[in-house]
Amino acid sequence: MLLVYEPILMYATNTDEFWFDFSTMIIPTMAIFVVFMLIGMAASTVVYYINRIYDKKSSTELFKNIQTDRTRTFIWYRYNRENHMVEYETSGNMKEIEKFKPTGSIYDR
C-alpha cells in the first residue's frame, strides 16, 4: 500500500514544486505495486508448499539420516579475542562442552 500511497501524498503536498505530472507518475507506481505484489504472492506460495511438505514432522524425523556417531571439528574462540583460537573435536552434542577434545592446533595472530 505504501508503494501507491506515498508517491501520491508527495505529489499532493508539493504540487507547485513537483517536477512531473500525476499521469506520468501513476503508471510506474502501479507497475511497481503489481510487480512487488506478484513477487510476494509467489514467495508466500513457495513457503506454503514447503510448510505442507514438512507439516507435523519432528526435527528428529526430518534429520533421521544424519549419523549420530560422527566426529565434528570446530574452532573455539571468544568474542573480541579472535587472536587466539583453539581447534577442538567432539563426538557428542555441541552443548556437552565436557566432551570437547583439543586437536593440538592453535591459531595465534
# chains A, B, ... in the order shown; residues from 1 in each chain; ligands from 1
>>> select_by_dssp(residues="chain A", states="strand (DSSP E)", output="list of chain:residue names")
A:Arg72, A:Thr73, A:Phe74, A:Ile75, A:Trp76, A:Tyr77, A:Arg78, A:Arg81, A:Glu82, A:Asn83, A:His84, A:Met85, A:Val86, A:Glu87, A:Tyr88, A:Glu89, A:Thr90, A:Lys101, A:Pro102, A:Thr103, A:Gly104, A:Ser105, A:Ile106, A:Tyr107, A:Asp108
>>> write_last_selection(atoms="N, CA and C atoms", output="PDB file, in the first residue's frame")
ATOM      1  N   ARG A  72      32.963 -34.192  14.919  1.00  0.00           N
ATOM      2  CA  ARG A  72      32.962 -32.843  14.354  1.00  0.00           C
ATOM      3  C   ARG A  72      34.156 -32.067  14.865  1.00  0.00           C
ATOM      4  N   THR A  73      34.754 -31.285  13.972  1.00  0.00           N
ATOM      5  CA  THR A  73      35.882 -30.429  14.319  1.00  0.00           C
ATOM      6  C   THR A  73      35.439 -28.980  14.201  1.00  0.00           C
ATOM      7  N   PHE A  74      35.829 -28.160  15.158  1.00  0.00           N
ATOM      8  CA  PHE A  74      35.466 -26.752  15.137  1.00  0.00           C
ATOM      9  C   PHE A  74      36.545 -25.928  15.820  1.00  0.00           C
ATOM     10  N   ILE A  75      36.490 -24.631  15.600  1.00  0.00           N
ATOM     11  CA  ILE A  75      37.462 -23.704  16.197  1.00  0.00           C
ATOM     12  C   ILE A  75      36.756 -22.901  17.279  1.00  0.00           C
ATOM     13  N   TRP A  76      37.332 -22.916  18.472  1.00  0.00           N
ATOM     14  CA  TRP A  76      36.761 -22.224  19.622  1.00  0.00           C
ATOM     15  C   TRP A  76      37.496 -20.899  19.819  1.00  0.00           C
ATOM     16  N   TYR A  77      36.745 -19.823  19.944  1.00  0.00           N
ATOM     17  CA  TYR A  77      37.340 -18.521  20.238  1.00  0.00           C
ATOM     18  C   TYR A  77      36.346 -17.712  21.056  1.00  0.00           C
ATOM     19  N   ARG A  78      36.848 -16.697  21.694  1.00  0.00           N
ATOM     20  CA  ARG A  78      35.994 -15.804  22.480  1.00  0.00           C
ATOM     21  C   ARG A  78      35.805 -14.501  21.713  1.00  0.00           C
ATOM     22  N   ARG A  81      38.353 -11.608  21.156  1.00  0.00           N
ATOM     23  CA  ARG A  81      39.664 -12.200  21.385  1.00  0.00           C
ATOM     24  C   ARG A  81      39.965 -13.200  20.267  1.00  0.00           C
ATOM     25  N   GLU A  82      39.739 -12.809  19.018  1.00  0.00           N
ATOM     26  CA  GLU A  82      39.936 -13.701  17.887  1.00  0.00           C
ATOM     27  C   GLU A  82      41.406 -13.967  17.593  1.00  0.00           C
ATOM     28  N   ASN A  83      42.316 -13.309  18.312  1.00  0.00           N
ATOM     29  CA  ASN A  83      43.742 -13.513  18.070  1.00  0.00           C
ATOM     30  C   ASN A  83      44.228 -14.858  18.587  1.00  0.00           C
ATOM     31  N   HIS A  84      43.439 -15.510  19.449  1.00  0.00           N
ATOM     32  CA  HIS A  84      43.814 -16.823  19.995  1.00  0.00           C
ATOM     33  C   HIS A  84      42.633 -17.767  19.787  1.00  0.00           C
ATOM     34  N   MET A  85      42.816 -18.740  18.865  1.00  0.00           N
ATOM     35  CA  MET A  85      41.757 -19.704  18.568  1.00  0.00           C
ATOM     36  C   MET A  85      42.318 -21.106  18.721  1.00  0.00           C
ATOM     37  N   VAL A  86      41.517 -22.005  19.277  1.00  0.00           N
ATOM     38  CA  VAL A  86      41.937 -23.378  19.526  1.00  0.00           C
ATOM     39  C   VAL A  86      40.979 -24.318  18.798  1.00  0.00           C
ATOM     40  N   GLU A  87      41.531 -25.328  18.153  1.00  0.00           N
ATOM     41  CA  GLU A  87      40.708 -26.293  17.425  1.00  0.00           C
ATOM     42  C   GLU A  87      40.366 -27.471  18.343  1.00  0.00           C
ATOM     43  N   TYR A  88      39.074 -27.853  18.340  1.00  0.00           N
ATOM     44  CA  TYR A  88      38.592 -28.973  19.142  1.00  0.00           C
ATOM     45  C   TYR A  88      37.834 -29.934  18.238  1.00  0.00           C
ATOM     46  N   GLU A  89      37.640 -31.154  18.755  1.00  0.00           N
ATOM     47  CA  GLU A  89      36.739 -32.091  18.096  1.00  0.00           C
ATOM     48  C   GLU A  89      35.868 -32.743  19.162  1.00  0.00           C
ATOM     49  N   THR A  90      34.676 -33.138  18.731  1.00  0.00           N
ATOM     50  CA  THR A  90      33.750 -33.785  19.650  1.00  0.00           C
ATOM     51  C   THR A  90      32.935 -34.813  18.895  1.00  0.00           C
ATOM     52  N   LYS A 101      37.593 -32.274  22.895  1.00  0.00           N
ATOM     53  CA  LYS A 101      38.984 -32.716  22.990  1.00  0.00           C
ATOM     54  C   LYS A 101      39.817 -31.835  22.071  1.00  0.00           C
ATOM     55  N   PRO A 102      40.872 -31.188  22.583  1.00  0.00           N
ATOM     56  CA  PRO A 102      41.708 -30.356  21.719  1.00  0.00           C
ATOM     57  C   PRO A 102      42.472 -31.210  20.712  1.00  0.00           C
ATOM     58  N   THR A 103      42.566 -30.731  19.478  1.00  0.00           N
ATOM     59  CA  THR A 103      43.300 -31.452  18.430  1.00  0.00           C
ATOM     60  C   THR A 103      44.772 -31.096  18.437  1.00  0.00           C
ATOM     61  N   GLY A 104      45.126 -30.035  19.143  1.00  0.00           N
ATOM     62  CA  GLY A 104      46.518 -29.597  19.188  1.00  0.00           C
ATOM     63  C   GLY A 104      46.801 -28.421  18.282  1.00  0.00           C
ATOM     64  N   SER A 105      45.844 -28.065  17.435  1.00  0.00           N
ATOM     65  CA  SER A 105      46.044 -26.906  16.541  1.00  0.00           C
ATOM     66  C   SER A 105      45.619 -25.630  17.260  1.00  0.00           C
ATOM     67  N   ILE A 106      46.547 -24.679  17.319  1.00  0.00           N
ATOM     68  CA  ILE A 106      46.282 -23.385  17.947  1.00  0.00           C
ATOM     69  C   ILE A 106      46.614 -22.313  16.923  1.00  0.00           C
ATOM     70  N   TYR A 107      45.722 -21.370  16.770  1.00  0.00           N
ATOM     71  CA  TYR A 107      45.890 -20.313  15.785  1.00  0.00           C
ATOM     72  C   TYR A 107      46.042 -18.976  16.511  1.00  0.00           C
ATOM     73  N   ASP A 108      47.262 -18.472  16.540  1.00  0.00           N
ATOM     74  CA  ASP A 108      47.551 -17.169  17.139  1.00  0.00           C
ATOM     75  C   ASP A 108      47.927 -16.198  16.024  1.00  0.00           C
TER      76      ASP A 108
END
>>> select_by_dssp(residues="chain A", states="helix (DSSP H, G or I)", output="PyMOL selection string")
chain A and resi 2-13+22-53+59-62+97-99
>>> atom_distance(atom1="CA of Ile39 in chain A", atom2="CA of Ala12 in chain A")
28.7 Å
>>> atom_distance(atom1="CA of Phe63 in chain A", atom2="CA of Thr45 in chain A")
24.2 Å
>>> closest_residue(among="A:Ile26, A:Met94, A:Met37, A:Ile53", to="Ile8 in chain A", atoms="only C-alpha atoms")
A:Ile26
>>> atom_distance(atom1="CA of Ser23 in chain A", atom2="CA of Tyr5 in chain A")
14.7 Å
>>> closest_residue(among="A:Ser91, A:Ile50, A:Lys56, A:Ile27", to="Arg70 in chain A", atoms="only C-alpha atoms")
A:Ser91
